[in-house]
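To start, the structure itself, in structure tokens.
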Amino acid sequence: AILRALEEATRAHVFEEVEPLGSYRFSHALLREALYARLSSSRRIELHCRAGRALEQRYADSEHLPLAALVHHFSQSPFHGDLERAIEYAVRAAQDALRMLAYPETIEFYRRGLESMERMFPRDNERFAPLLQGLALAQRGAGQHAEAIDTYGRLIVQTRKVADPERFAHAVLGLEEARFFARAPAPSSIPLLHVALRGLSQGPSTLRVHVLMTLANKLTIVNDPRRDQVSAQALALARRLDDPLTLSTALLTRHWVIWGAHSRPERLRIHEELL
């Protein structure tokens, strides 16, 4: 019966056959939209859910799921189980797109995931944070720095509410980088950097070193004498890490922070160590 209906629709030029064999599509987008508009809301939801589950079954043993189609179908449902599927597939699709540096697609999938999540949870739910962080990174990669600033701002508010200090620190650093590339006037980030430091472990970590270096740079810009102590602390922690790149960055930060005739001996030692 289904095949006969498809054949009749194909002869009437409603559908057309496409690759792979046994696949069909509407011959014109307007036809699809007209037929879709005639469906009731409950019927649309039912068909989207059935289509999503049919795709899951068809590709159950495949490594290459049609993630975009799965996101589309399950995100139309009002049921939490289906929205959970939409979020899962959206994140997977975003991560796949990001690996290919396809930033516009990454942004779109993260937004679809967030839209589904907003239909399930209040905005201060901790599950928003990973998607917001991924969205902000993709926006920066796409050069959408103003949009990234907004996303990081939302992430900062959200991570403070749910007490997620590491992600909060990453968000503050990301906000600083986005503001730098956007070349937009911004309020001082020194208070946020202090909050980030208080939330992190006192032990050596790459994240703590980067927060300290950023704070030292900001204190230098406003000629705050605390810059010397902060940059020295960042360098001391960097030396305890097995991370040459972080150590090099800490050395360069220290070199800039202490710039002046009085610090020439230390800056020469930094030059020698970098070489």
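Chain identifiers are assigned as A, B, and so on, following the order in which chains appear in the structure tokens; residues are numbered from 1 within each chain, and ligands are numbered from 1 in order of appearance.
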Write out as a PyMOL selection string each polymer residue whose atoms come within 10 Å of A:Ser201, counting only C-alpha atoms; drop sequence neighbours fewer than 6 positions from it. chain A and resi 165-166+207-208
Closest pair table for stretch 191-260 of chain A residues within 9 Å of stretch 171-175 of chain A, only C-alpha atoms, as a tab-separated table:
residue	atom	partner	partner_atom	distance
A:Leu192	CA	A:Val172	CA	6.9
A:Leu193	CA	A:Val172	CA	6.9
A:Ala196	CA	A:Val172	CA	7.6
A:His210	CA	A:Leu173	CA	8.0
A:Val211	CA	A:Leu173	CA	6.9
A:Thr214	CA	A:Leu173	CA	7.6
Write the residues of the selection above to a file with N, CA and C atoms, as a short mmCIF file (atom, residue, chain, number, x, y, z; two decimals), in the first residue's frame.
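The resulting result01.cif:
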data_model
loop_
_atom_site.label_atom_id
_atom_site.label_comp_id
_atom_site.auth_asym_id
_atom_site.auth_seq_id
_atom_site.Cartn_x
_atom_site.Cartn_y
_atom_site.Cartn_z
N LEU A 192 35.67 39.87 38.25
CA LEU A 192 35.32 38.51 37.83
C LEU A 192 36.52 37.58 37.93
N LEU A 193 37.69 38.06 37.58
CA LEU A 193 38.89 37.23 37.66
C LEU A 193 39.21 36.86 39.11
N ALA A 196 36.86 34.14 40.05
CA ALA A 196 37.29 32.88 39.45
C ALA A 196 38.42 32.25 40.25
N HIS A 210 46.37 30.44 33.88
CA HIS A 210 45.83 31.34 32.85
C HIS A 210 44.98 32.45 33.47
N VAL A 211 44.24 32.13 34.51
CA VAL A 211 43.46 33.18 35.18
C VAL A 211 44.41 34.19 35.82
N THR A 214 45.98 36.40 33.09
CA THR A 214 45.01 37.38 32.60
C THR A 214 44.82 38.49 33.61
#
All alpha helix (DSSP H) residues (DSSP, backbone) inside stretch 45-265 of chain A, as a PyMOL selection string: chain A and resi 45-58+67-74+80-99+103-118+128-141+145-161+165-182+190-199+206-221+226-239+244-257+264-265
Env of A:Leu252: 12 Å cut, atoms = only C-alpha atoms, seq-sep filter 4 positions within chain, self excluded. Answer as a PyMOL selection string. chain A and resi 213-214+216-217+231-232+234-235+238+245-248+256-259+266-275
Selected residues written out, C-alpha atoms, as a short mmCIF file (atom, residue, chain, number, x, y, z; two decimals), in the first residue's frame:
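out_30.cif written:
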data_model
loop_
_atom_site.label_atom_id
_atom_site.label_comp_id
_atom_site.auth_asym_id
_atom_site.auth_seq_id
_atom_site.Cartn_x
_atom_site.Cartn_y
_atom_site.Cartn_z
CA MET A 213 48.16 35.68 33.85
CA THR A 214 45.01 37.38 32.60
CA ALA A 216 48.25 40.28 35.84
CA ASN A 217 47.73 41.72 32.35
CA SER A 231 52.53 37.53 37.65
CA ALA A 232 55.17 36.03 39.95
CA ALA A 234 51.47 32.62 37.88
CA LEU A 235 55.07 31.90 36.87
CA ALA A 238 53.59 27.29 35.77
CA LEU A 245 53.49 26.11 26.39
CA THR A 246 51.91 27.38 29.62
CA LEU A 247 55.37 28.06 31.07
CA SER A 248 56.39 30.02 27.96
CA TRP A 256 55.65 42.38 29.97
CA VAL A 257 54.36 43.02 33.48
CA ILE A 258 57.78 43.96 34.91
CA TRP A 259 58.86 46.04 31.91
CA GLU A 266 65.21 39.48 35.30
CA ARG A 267 64.00 40.15 31.76
CA LEU A 268 67.37 38.98 30.38
CA ARG A 269 67.03 35.76 32.37
CA ILE A 270 63.55 35.29 30.91
CA HIS A 271 64.95 35.79 27.40
CA GLU A 272 67.62 33.16 28.04
CA GLU A 273 65.07 30.70 29.41
CA LEU A 274 62.74 31.18 26.46
CA LEU A 275 65.61 30.56 24.04
#
Expressed in Å to a single decimal, how great is the separation between atom CA of A:Ser77 and atom CA of A:Ala102?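 Going from atom CA of A:Ser77 over to atom CA of A:Ala102, I get 27.1 Å.
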Write out as a list in words the residues lying within 12 Å of A:Ala12, counting only C-alpha atoms and excluding same-chain residues fewer than 6 positions away.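 Non-adjacent residues within range: Ala5, Leu6, Phe26, Ser27 and Leu31 of chain A.
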Writing out the chosen residues with N, CA and C atoms as an mmCIF file, in the first residue's frame:
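Contents of again39.cif, as written:
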data_model
loop_
_atom_site.group_PDB
_atom_site.id
_atom_site.type_symbol
_atom_site.label_atom_id
_atom_site.label_comp_id
_atom_site.auth_asym_id
_atom_site.auth_seq_id
_atom_site.Cartn_x
_atom_site.Cartn_y
_atom_site.Cartn_z
ATOM 1 N N ALA A 5 1.105 4.072 -2.996
ATOM 2 C CA ALA A 5 0.871 5.493 -2.720
ATOM 3 C C ALA A 5 2.052 6.337 -3.191
ATOM 4 N N LEU A 6 3.277 5.822 -2.988
ATOM 5 C CA LEU A 6 4.469 6.553 -3.435
ATOM 6 C C LEU A 6 4.515 6.630 -4.959
ATOM 7 N N PHE A 26 9.949 15.614 -1.777
ATOM 8 C CA PHE A 26 8.927 16.421 -2.438
ATOM 9 C C PHE A 26 9.545 17.096 -3.661
ATOM 10 N N SER A 27 8.783 17.170 -4.710
ATOM 11 C CA SER A 27 9.296 17.775 -5.943
ATOM 12 C C SER A 27 9.455 19.284 -5.816
ATOM 13 N N LEU A 31 5.041 22.462 -2.055
ATOM 14 C CA LEU A 31 4.135 21.330 -1.867
ATOM 15 C C LEU A 31 4.266 20.767 -0.458
#
Excluding A:Ala186 and any residue of its chain fewer than 6 positions from it, enumerate the residues within 10 Å of it, using only C-alpha atoms, and give them as a PDB file with C-alpha atoms, in the first residue's frame.
ATOM      1  CA  GLU A 176      38.062  38.371  27.902  1.00  0.00           C
ATOM      2  CA  ARG A 179      36.019  41.286  24.142  1.00  0.00           C
ATOM      3  CA  PHE A 180      39.589  41.682  22.898  1.00  0.00           C
TER       4      PHE A 180
END
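Listed by chain and then by rising number, the residues of stretch 10-232 of chain A that DSSP assigns to strand (DSSP E or B) from the backbone are Phe15, Glu16, Glu17, Val18, Ser23, Tyr24, Arg25 and Phe26 of chain A.
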Got a sec: who's within 12 Å of A:Leu3, counting only C-alpha atoms, leaving out chain neighbours fewer than 3 positions off, as a PyMOL selection string? chain A and resi 6-10+22-24
For atom CA of A:Asp224 and atom CA of A:Thr253, determine how far apart the two atoms are, in Å to one decimal place. 15.1 Å
In Å, with one decimal, what is the gap from atom CA of A:Ala146 to atom CA of A:Ala182?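 About the pair atom CA of A:Ala146 and atom CA of A:Ala182: they are 6.2 Å apart.
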Identify which of the residues A:Tyr59, A:Tyr110, A:Phe168, A:Tyr36 lies closest to A:Ala138, counting only C-alpha atoms when measuring atom-to-atom distances.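 Smallest distance to A:Ala138 is found for A:Tyr110.
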I'd like to know which of A:Gly52, A:Pro104, A:Gly260, A:Gly113 is closest to A:Glu88, using only C-alpha atoms.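 Smallest separation from A:Glu88 among the options: A:Gly113.
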